[in-house]
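Structure file protein01.cif with mmCIF, C-alpha atoms:
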```
data_coords
loop_
_atom_site.label_atom_id
_atom_site.label_comp_id
_atom_site.auth_asym_id
_atom_site.auth_seq_id
_atom_site.Cartn_x
_atom_site.Cartn_y
_atom_site.Cartn_z
CA MET B 1 -8.85 -4.80 2.80
CA ASP B 2 -5.73 -2.89 3.84
CA ARG B 3 -6.18 0.15 1.60
CA LEU B 4 -2.64 1.47 2.04
CA GLN B 5 -1.10 -1.85 1.09
CA SER B 6 -3.54 -2.17 -1.81
CA MET B 7 -2.42 1.26 -3.06
CA GLN B 8 1.21 0.18 -2.82
CA ILE B 9 0.48 -3.03 -4.70
CA PHE B 10 -1.53 -1.25 -7.39
CA ALA B 11 1.24 1.33 -7.88
CA ARG B 12 3.85 -1.40 -8.21
CA VAL B 13 1.78 -3.27 -10.81
CA VAL B 14 1.55 -0.07 -12.85
CA GLU B 15 5.28 0.61 -12.54
CA MET B 16 6.34 -2.97 -13.34
CA HIS B 17 3.73 -3.36 -16.14
CA SER B 18 3.10 -6.84 -14.77
CA PHE B 19 1.27 -8.55 -11.92
CA GLY B 20 3.94 -11.24 -11.76
CA ARG B 21 6.90 -8.88 -11.63
CA ALA B 22 5.10 -6.72 -9.06
CA ALA B 23 4.49 -9.78 -6.90
CA GLU B 24 8.14 -10.80 -7.17
CA SER B 25 9.43 -7.33 -6.29
CA LEU B 26 7.10 -7.13 -3.25
CA SER B 27 7.83 -10.73 -2.17
CA LEU B 28 4.12 -11.54 -2.31
CA PRO B 29 2.25 -14.45 -3.92
CA PRO B 30 0.90 -13.48 -7.38
CA SER B 31 -2.62 -14.37 -6.21
CA ARG B 32 -2.34 -11.79 -3.41
CA VAL B 33 -1.39 -9.05 -5.89
CA THR B 34 -4.23 -9.92 -8.26
CA ARG B 35 -6.73 -10.06 -5.41
CA ALA B 36 -5.59 -6.69 -4.00
CA VAL B 37 -6.17 -4.92 -7.32
CA LYS B 38 -9.55 -6.57 -7.82
CA GLU B 39 -10.63 -5.60 -4.28
CA LEU B 40 -9.48 -2.04 -4.91
CA GLU B 41 -11.46 -1.85 -8.15
CA ALA B 42 -14.55 -3.27 -6.42
CA PHE B 43 -14.18 -0.80 -3.55
CA LEU B 44 -13.85 2.18 -5.93
CA GLY B 45 -16.47 0.90 -8.36
CA VAL B 46 -14.28 1.50 -11.42
CA ARG B 47 -11.84 -0.43 -13.58
CA LEU B 48 -8.29 0.77 -12.94
CA LEU B 49 -6.36 -1.44 -15.36
CA GLN B 50 -7.05 -2.62 -18.88
CA ARG B 51 -5.74 -6.17 -19.12
CA THR B 52 -4.88 -8.21 -22.19
CA THR B 53 -2.86 -11.41 -22.46
CA ARG B 54 0.32 -9.43 -23.17
CA HIS B 55 -0.23 -5.92 -21.89
CA ILE B 56 -1.46 -3.95 -18.90
CA SER B 57 -2.42 -0.30 -19.27
CA LEU B 58 -4.14 2.29 -17.13
CA THR B 59 -7.72 3.28 -17.79
CA PRO B 60 -8.55 7.01 -17.49
CA ASP B 61 -9.83 6.34 -13.94
CA GLY B 62 -6.71 4.31 -13.26
CA THR B 63 -4.45 7.15 -14.38
CA THR B 64 -6.21 9.55 -12.01
CA TYR B 65 -6.09 7.11 -9.13
CA TYR B 66 -2.44 6.20 -9.75
CA ASP B 67 -1.48 9.88 -9.72
CA HIS B 68 -3.17 10.31 -6.33
CA CYS B 69 -1.59 7.09 -5.03
CA ARG B 70 1.87 8.34 -5.96
CA ARG B 71 1.21 11.60 -4.14
CA LEU B 72 -0.13 9.92 -1.02
CA LEU B 73 2.71 7.41 -0.88
CA ALA B 74 5.24 10.20 -1.44
CA ASP B 75 3.63 12.19 1.38
CA ILE B 76 3.98 9.22 3.70
CA GLU B 77 7.64 8.80 2.72
CA ALA B 78 8.23 12.49 3.31
CA VAL B 79 6.69 12.34 6.80
CA GLU B 80 8.73 9.26 7.67
CA ALA B 81 11.87 10.95 6.37
CA GLY B 82 11.65 13.44 9.24
CA PHE B 83 12.42 10.72 11.78
CA PRO B 84 15.84 9.21 12.50
CA GLY B 85 14.93 5.56 11.79
CA SER B 86 15.41 3.64 8.57
CA ALA B 87 12.04 4.75 7.13
CA GLY B 88 13.45 8.02 5.83
CA ARG B 89 16.32 6.49 3.88
CA PRO B 90 16.10 6.41 0.07
CA ARG B 91 14.92 2.95 -0.84
CA GLY B 92 12.75 0.99 -3.22
CA ARG B 93 12.32 1.18 -6.95
CA LEU B 94 13.33 4.27 -8.93
CA ARG B 95 12.83 4.59 -12.68
CA VAL B 96 14.67 7.34 -14.56
CA ASP B 97 14.63 8.19 -18.27
CA MET B 98 17.23 10.21 -20.23
CA THR B 99 18.85 10.38 -23.66
CA LEU B 100 21.27 7.63 -24.62
CA SER B 101 24.23 9.97 -25.10
CA LEU B 102 23.81 11.59 -21.69
CA ALA B 103 23.43 8.19 -20.03
CA ARG B 104 26.47 6.68 -21.74
CA LEU B 105 28.83 9.64 -21.47
CA VAL B 106 27.87 11.31 -18.18
CA VAL B 107 25.60 9.31 -15.89
CA LEU B 108 26.64 5.67 -16.29
CA PRO B 109 30.37 6.29 -15.71
CA ALA B 110 29.44 7.65 -12.26
CA ILE B 111 26.43 5.45 -11.42
CA GLU B 112 28.42 3.20 -9.06
CA GLN B 113 28.74 6.19 -6.73
CA PHE B 114 24.96 6.40 -6.47
CA GLN B 115 24.60 2.67 -5.91
CA SER B 116 27.26 2.66 -3.20
CA LYS B 117 25.68 5.62 -1.43
CA PHE B 118 22.09 4.33 -1.71
CA PRO B 119 22.28 0.52 -1.76
CA ASP B 120 18.56 0.10 -0.99
CA VAL B 121 17.47 1.84 -4.21
CA GLU B 122 16.58 -0.40 -7.17
CA LEU B 123 17.39 1.83 -10.15
CA THR B 124 15.93 1.26 -13.60
CA LEU B 125 17.40 3.55 -16.26
CA THR B 126 15.70 3.79 -19.64
CA VAL B 127 16.95 5.80 -22.61
CA ALA B 128 14.75 7.76 -25.01
CA ASP B 129 14.60 11.07 -26.85
CA ARG B 130 10.86 11.56 -26.93
CA THR B 131 8.03 12.96 -24.86
CA VAL B 132 7.44 10.61 -21.94
CA GLU B 133 4.17 10.33 -20.00
CA LEU B 134 5.63 9.97 -16.52
CA VAL B 135 2.51 8.82 -14.70
CA GLN B 136 1.22 6.60 -17.51
CA GLU B 137 4.61 4.93 -17.97
CA GLY B 138 5.50 4.69 -14.29
CA ILE B 139 8.60 6.89 -14.57
CA ASP B 140 9.74 8.86 -11.53
CA CYS B 141 11.79 11.49 -13.32
CA VAL B 142 13.36 12.32 -16.68
CA ILE B 143 16.42 14.31 -17.70
CA ARG B 144 15.96 16.45 -20.79
CA ALA B 145 17.89 19.12 -22.68
CA GLY B 146 16.34 22.43 -23.67
CA THR B 147 14.09 24.93 -21.96
CA PRO B 148 11.20 22.99 -20.37
CA GLU B 149 7.67 24.04 -21.19
CA ASP B 150 5.48 25.25 -18.35
CA SER B 151 3.49 22.34 -16.99
CA PRO B 152 0.74 22.18 -14.36
CA THR B 153 1.76 18.62 -13.45
CA LEU B 154 5.58 18.64 -13.63
CA VAL B 155 8.41 20.32 -11.77
CA ALA B 156 11.54 21.18 -13.78
CA ARG B 157 14.79 21.56 -11.85
CA ARG B 158 17.81 22.79 -13.79
CA ILE B 159 20.94 20.76 -13.06
CA GLY B 160 23.39 22.21 -15.58
CA ALA B 161 23.92 23.27 -19.18
CA PHE B 162 26.07 22.45 -22.20
CA ASP B 163 27.22 24.34 -25.28
CA TRP B 164 26.84 23.45 -28.93
CA VAL B 165 30.17 22.77 -30.63
CA THR B 166 30.65 23.01 -34.40
CA CYS B 167 33.45 20.66 -35.39
CA ALA B 168 34.89 18.27 -37.97
CA SER B 169 37.74 15.84 -38.33
CA PRO B 170 41.18 17.04 -39.48
CA GLN B 171 40.76 14.88 -42.60
CA TYR B 172 37.53 16.64 -43.57
CA LEU B 173 39.05 20.09 -43.02
CA ALA B 174 42.14 19.15 -45.05
CA ARG B 175 39.94 18.16 -47.99
CA HIS B 176 37.33 20.93 -47.83
CA GLY B 177 38.98 23.76 -45.96
CA THR B 178 38.00 25.38 -42.65
CA PRO B 179 34.90 27.59 -42.69
CA SER B 180 35.58 31.03 -41.28
CA SER B 181 32.07 32.51 -41.54
CA LEU B 182 28.49 31.34 -41.52
CA GLU B 183 28.30 32.11 -45.23
CA ASP B 184 31.12 29.62 -45.83
CA LEU B 185 28.89 26.82 -44.55
CA GLN B 186 26.97 26.76 -47.83
CA ASN B 187 30.13 25.41 -49.49
CA HIS B 188 30.49 22.57 -46.99
CA HIS B 189 28.76 19.29 -46.13
CA ALA B 190 27.06 18.61 -42.83
CA VAL B 191 25.90 15.39 -41.27
CA GLY B 192 22.20 15.92 -40.57
CA TYR B 193 20.60 14.82 -37.31
CA LEU B 194 17.01 13.63 -37.60
CA SER B 195 14.91 14.68 -34.62
CA SER B 196 12.61 11.99 -33.25
CA ARG B 197 10.21 14.73 -32.14
CA THR B 198 9.80 16.54 -35.46
CA ALA B 199 10.98 13.88 -37.97
CA ARG B 200 13.09 16.64 -39.56
CA THR B 201 16.77 17.47 -39.42
CA LEU B 202 17.75 20.18 -36.99
CA PRO B 203 19.01 23.60 -38.15
CA TRP B 204 22.09 25.12 -36.52
CA HIS B 205 21.34 27.89 -34.06
CA PHE B 206 23.73 30.84 -33.65
CA VAL B 207 23.37 34.20 -31.92
CA ILE B 208 24.77 37.15 -33.89
CA ASP B 209 24.51 40.64 -32.36
CA ASP B 210 21.84 39.35 -29.95
CA GLU B 211 19.78 38.02 -32.82
CA ASP B 212 18.98 34.35 -33.42
CA ARG B 213 20.24 32.89 -36.70
CA PHE B 214 19.15 29.44 -37.86
CA ILE B 215 21.40 28.01 -40.57
CA ARG B 216 20.80 24.97 -42.72
CA VAL B 217 23.98 23.46 -44.09
CA PRO B 218 23.84 21.16 -47.16
CA GLU B 219 23.47 17.61 -45.84
CA GLY B 220 24.94 14.64 -47.67
CA LEU B 221 24.11 12.15 -44.92
CA VAL B 222 21.42 12.05 -42.23
CA VAL B 223 21.34 9.88 -39.09
CA ASN B 224 19.00 9.64 -36.10
CA ASP B 225 21.40 8.42 -33.41
CA THR B 226 23.89 10.56 -31.48
CA ASP B 227 26.64 7.94 -31.45
CA ALA B 228 26.30 7.53 -35.22
CA TYR B 229 26.29 11.32 -35.59
CA VAL B 230 29.65 11.72 -33.85
CA ALA B 231 31.03 8.64 -35.62
CA CYS B 232 30.27 10.23 -38.99
CA ALA B 233 32.29 13.28 -38.03
CA LEU B 234 35.19 11.11 -36.87
CA GLU B 235 35.15 9.37 -40.26
CA GLY B 236 35.45 12.71 -42.05
CA LEU B 237 31.96 12.61 -43.55
CA GLY B 238 31.03 16.18 -42.72
CA LEU B 239 30.68 18.96 -40.18
CA ILE B 240 28.55 18.36 -37.12
CA ARG B 241 27.11 20.55 -34.39
CA ALA B 242 26.92 18.53 -31.20
CA GLY B 243 26.64 18.97 -27.45
CA SER B 244 29.95 19.66 -25.73
CA TYR B 245 29.60 16.55 -23.56
CA MET B 246 29.35 14.39 -26.70
CA VAL B 247 32.58 15.55 -28.34
CA GLN B 248 34.81 16.61 -25.44
CA PRO B 249 37.08 13.49 -25.52
CA HIS B 250 37.56 13.80 -29.29
CA LEU B 251 38.39 17.51 -29.06
CA LEU B 252 41.02 16.77 -26.40
CA SER B 253 42.54 13.96 -28.48
CA GLY B 254 42.57 16.04 -31.67
CA ARG B 255 40.32 13.63 -33.58
CA LEU B 256 37.85 16.51 -33.94
CA GLN B 257 38.56 20.22 -34.28
CA ARG B 258 36.30 23.13 -33.39
CA VAL B 259 35.42 25.62 -36.11
CA LEU B 260 33.50 28.92 -36.13
CA THR B 261 34.42 29.56 -32.49
CA ARG B 262 33.63 33.27 -32.81
CA TYR B 263 29.96 32.50 -33.50
CA PRO B 264 28.32 31.64 -30.18
CA SER B 265 25.11 29.81 -29.53
CA PRO B 266 22.97 29.91 -26.39
CA ALA B 267 23.80 27.38 -23.70
CA VAL B 268 21.36 24.48 -23.57
CA PRO B 269 19.93 23.79 -20.10
CA LEU B 270 19.74 20.29 -18.68
CA SER B 271 16.80 19.72 -16.35
CA VAL B 272 15.28 16.96 -14.26
CA LEU B 273 11.49 16.80 -14.54
CA TYR B 274 9.31 14.96 -12.04
CA PRO B 275 5.62 14.94 -11.05
CA LYS B 276 4.47 17.92 -9.02
CA ASN B 277 3.76 16.55 -5.55
CA ARG B 278 3.49 18.49 -2.34
CA HIS B 279 6.43 16.43 -1.03
CA LEU B 280 9.22 14.94 -3.11
CA SER B 281 10.01 11.38 -2.05
CA PRO B 282 13.42 10.85 -0.40
CA THR B 283 14.41 8.44 -3.17
CA VAL B 284 13.68 10.84 -6.04
CA ARG B 285 15.22 13.73 -4.10
CA ALA B 286 18.40 11.70 -3.52
CA PHE B 287 18.77 10.96 -7.23
CA VAL B 288 18.02 14.52 -8.32
CA ASP B 289 20.61 15.91 -5.89
CA TRP B 290 23.18 13.30 -6.91
CA VAL B 291 22.78 13.64 -10.68
CA GLY B 292 22.88 17.43 -10.34
CA GLY B 293 26.31 17.13 -8.74
CA VAL B 294 27.51 14.75 -11.45
CA VAL B 295 26.41 17.09 -14.24
CA ARG B 296 27.93 20.15 -12.56
CA GLU B 297 31.24 18.34 -12.17
CA ALA B 298 31.16 17.24 -15.81
CA GLU B 299 30.30 20.79 -16.86
CA VAL B 300 33.63 21.99 -15.46
CA GLY B 301 35.39 19.55 -17.78
CA TRP B 302 33.36 20.70 -20.81
CA ARG B 303 34.31 24.32 -20.14
CA ALA B 304 37.97 23.41 -19.64
CA ALA B 305 38.02 21.51 -22.93
CA ALA B 306 36.65 24.55 -24.73
CA LEU B 307 39.36 26.78 -23.27
CA ARG B 308 42.15 24.37 -24.19
CA ASP B 309 40.86 23.81 -27.72
#
```

Mind turning the file's structure into structure tokens?
Amino acid sequence: MDRLQSMQIFARVVEMHSFGRAAESLSLPPSRVTRAVKELEAFLGVRLLQRTTRHISLTPDGTTYYDHCRRLLADIEAVEAGFPGSAGRPRGRLRVDMTLSLARLVVLPAIEQFQSKFPDVELTLTVADRTVELVQEGIDCVIRAGTPEDSPTLVARRIGAFDWVTCASPQYLARHGTPSSLEDLQNHHAVGYLSSRTARTLPWHFVIDDEDRFIRVPEGLVVNDTDAYVACALEGLGLIRAGSYMVQPHLLSGRLQRVLTRYPSPAVPLSVLYPKNRHLSPTVRAFVDWVGGVVREAEVGWRAAALRD
């Protein structure tokens, strides 16, 4: 048994959630992939994968072993990256998770740059707004908003930040007036945003004289999707408080107008989180560096929009 190849095969099965897809991606016969995992389990004396007719999942031993496999394979990539041959180039499969709005408005419009620069990387981009188990789900890195919690297993690298913008359509403001103070908000209607993490709508966070203020505005309509949230504001259904990257085009076109500009809120950091290995693989490092540049460039536009508004 070639243990290194068996580790690579096992890791690919976990990441593809399928023996067949792993075999196809590695250009190996399906029987070879199945045999490699069985030999690895026999060698270790434990079951690594729980198999059903429709689903493959890691056992507790499998999760531990997969984590070590990822680290060892990343270490090998890192060593090879120090040499001038093709081994150190970013290549292979990369799975990244982020929120739908960030993917649609910031990352996807620029993704062709990444593909052109790193043609040997097979990128899978998934969208979610929930806690993701990176190792268990075979995800290489995630992009999340907010201050990351300290983690013994994850590295958080800040790549930028955005501001919250309180805004509404001109039609809404013509009907209901423009709020000039936080107290005025109680006489207005907001579109509520339902958090997938808490199953509750989010309060609006302001900072007044260095003190945090959390305001709840009367909500006549609640949604749980960012595109729907902005669409409700465009239709004049209420005030919203959204990330600057979500509403920048509509502020520039005049379809939305900022209100309460003298009441600031803390900037929201954007971070890439990835497993804490001694060496970061060249492929993950390439994506983290690239997406950081994309976000920083976009951030300049968000700031410019705020100044022009």

With all atoms listed in the file as the counted atoms, please give the residues lying no more than 12 Å from Gln113 (chain B), apart from itself and same-chain residues fewer than 2 positions off, as an mmCIF file with C-alpha atoms, in the frame of the given file.
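Written output follows (result10.cif):
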```
data_model
loop_
_atom_site.group_PDB
_atom_site.id
_atom_site.type_symbol
_atom_site.label_atom_id
_atom_site.label_comp_id
_atom_site.auth_asym_id
_atom_site.auth_seq_id
_atom_site.Cartn_x
_atom_site.Cartn_y
_atom_site.Cartn_z
ATOM 1 C CA VAL B 107 25.600 9.310 -15.890
ATOM 2 C CA LEU B 108 26.640 5.670 -16.290
ATOM 3 C CA PRO B 109 30.370 6.290 -15.710
ATOM 4 C CA ALA B 110 29.440 7.650 -12.260
ATOM 5 C CA ILE B 111 26.430 5.450 -11.420
ATOM 6 C CA GLN B 115 24.600 2.670 -5.910
ATOM 7 C CA SER B 116 27.260 2.660 -3.200
ATOM 8 C CA LYS B 117 25.680 5.620 -1.430
ATOM 9 C CA PHE B 118 22.090 4.330 -1.710
ATOM 10 C CA PRO B 119 22.280 0.520 -1.760
ATOM 11 C CA PHE B 287 18.770 10.960 -7.230
ATOM 12 C CA TRP B 290 23.180 13.300 -6.910
ATOM 13 C CA VAL B 291 22.780 13.640 -10.680
ATOM 14 C CA GLY B 293 26.310 17.130 -8.740
ATOM 15 C CA VAL B 294 27.510 14.750 -11.450
#
```

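If you look at CA of Asp212 (chain B) and CA of Ile240 (chain B), they are 19.0 Å away from each other.
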
Atom pair CA of Leu251 (chain B) + CA of Trp204 (chain B), distance 19.5 Å

| task | Skip Gly192 (chain B) itself and residues of its chain fewer than 3 positions away, then list as a PyMOL selection string all residues within 12 Å of it, counting only C-alpha atoms. | result | chain B and resi 189+195+199-204+216-226+228-230+232-233+237-242

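Between CA of Met1 (chain B) and CA of Asp120 (chain B) lies a distance of 28.1 Å.
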
Residue IDs satisfying the PyMOL selection byres ((chain B and resi 178-187) around 6), as a ChimeraX atom specification: /B:173,177,188,217,260

Among B:Ile139, B:Leu234, B:Leu273, B:Val207, Pro170 (chain B) is approached most closely, using all atoms listed in the file, by B:Leu234

Exercise for the section: Would you list the residues near (13.7, 8.3, 0.0) (no more than 7 Å away, in the coordinates of the file, using only C-alpha atoms) as a PyMOL selection string? Expected result: chain B and resi 77+88-91+281-286

request  = Expand the PyMOL selection byres ((chain B and resi 100) around 8) into the individual residues it matches in the shown file, reporting them as an MDAnalysis selection string.
outcome  = chainID B and resid 98:99 101:104 127:129 226

Export of prior selection with C-alpha atoms as an mmCIF file, keeping the file's coordinate frame:
```cif
data_model
loop_
_atom_site.group_PDB
_atom_site.id
_atom_site.type_symbol
_atom_site.label_atom_id
_atom_site.label_comp_id
_atom_site.auth_asym_id
_atom_site.auth_seq_id
_atom_site.Cartn_x
_atom_site.Cartn_y
_atom_site.Cartn_z
ATOM 1 C CA MET B 98 17.230 10.210 -20.230
ATOM 2 C CA THR B 99 18.850 10.380 -23.660
ATOM 3 C CA SER B 101 24.230 9.970 -25.100
ATOM 4 C CA LEU B 102 23.810 11.590 -21.690
ATOM 5 C CA ALA B 103 23.430 8.190 -20.030
ATOM 6 C CA ARG B 104 26.470 6.680 -21.740
ATOM 7 C CA VAL B 127 16.950 5.800 -22.610
ATOM 8 C CA ALA B 128 14.750 7.760 -25.010
ATOM 9 C CA ASP B 129 14.600 11.070 -26.850
ATOM 10 C CA THR B 226 23.890 10.560 -31.480
#
```
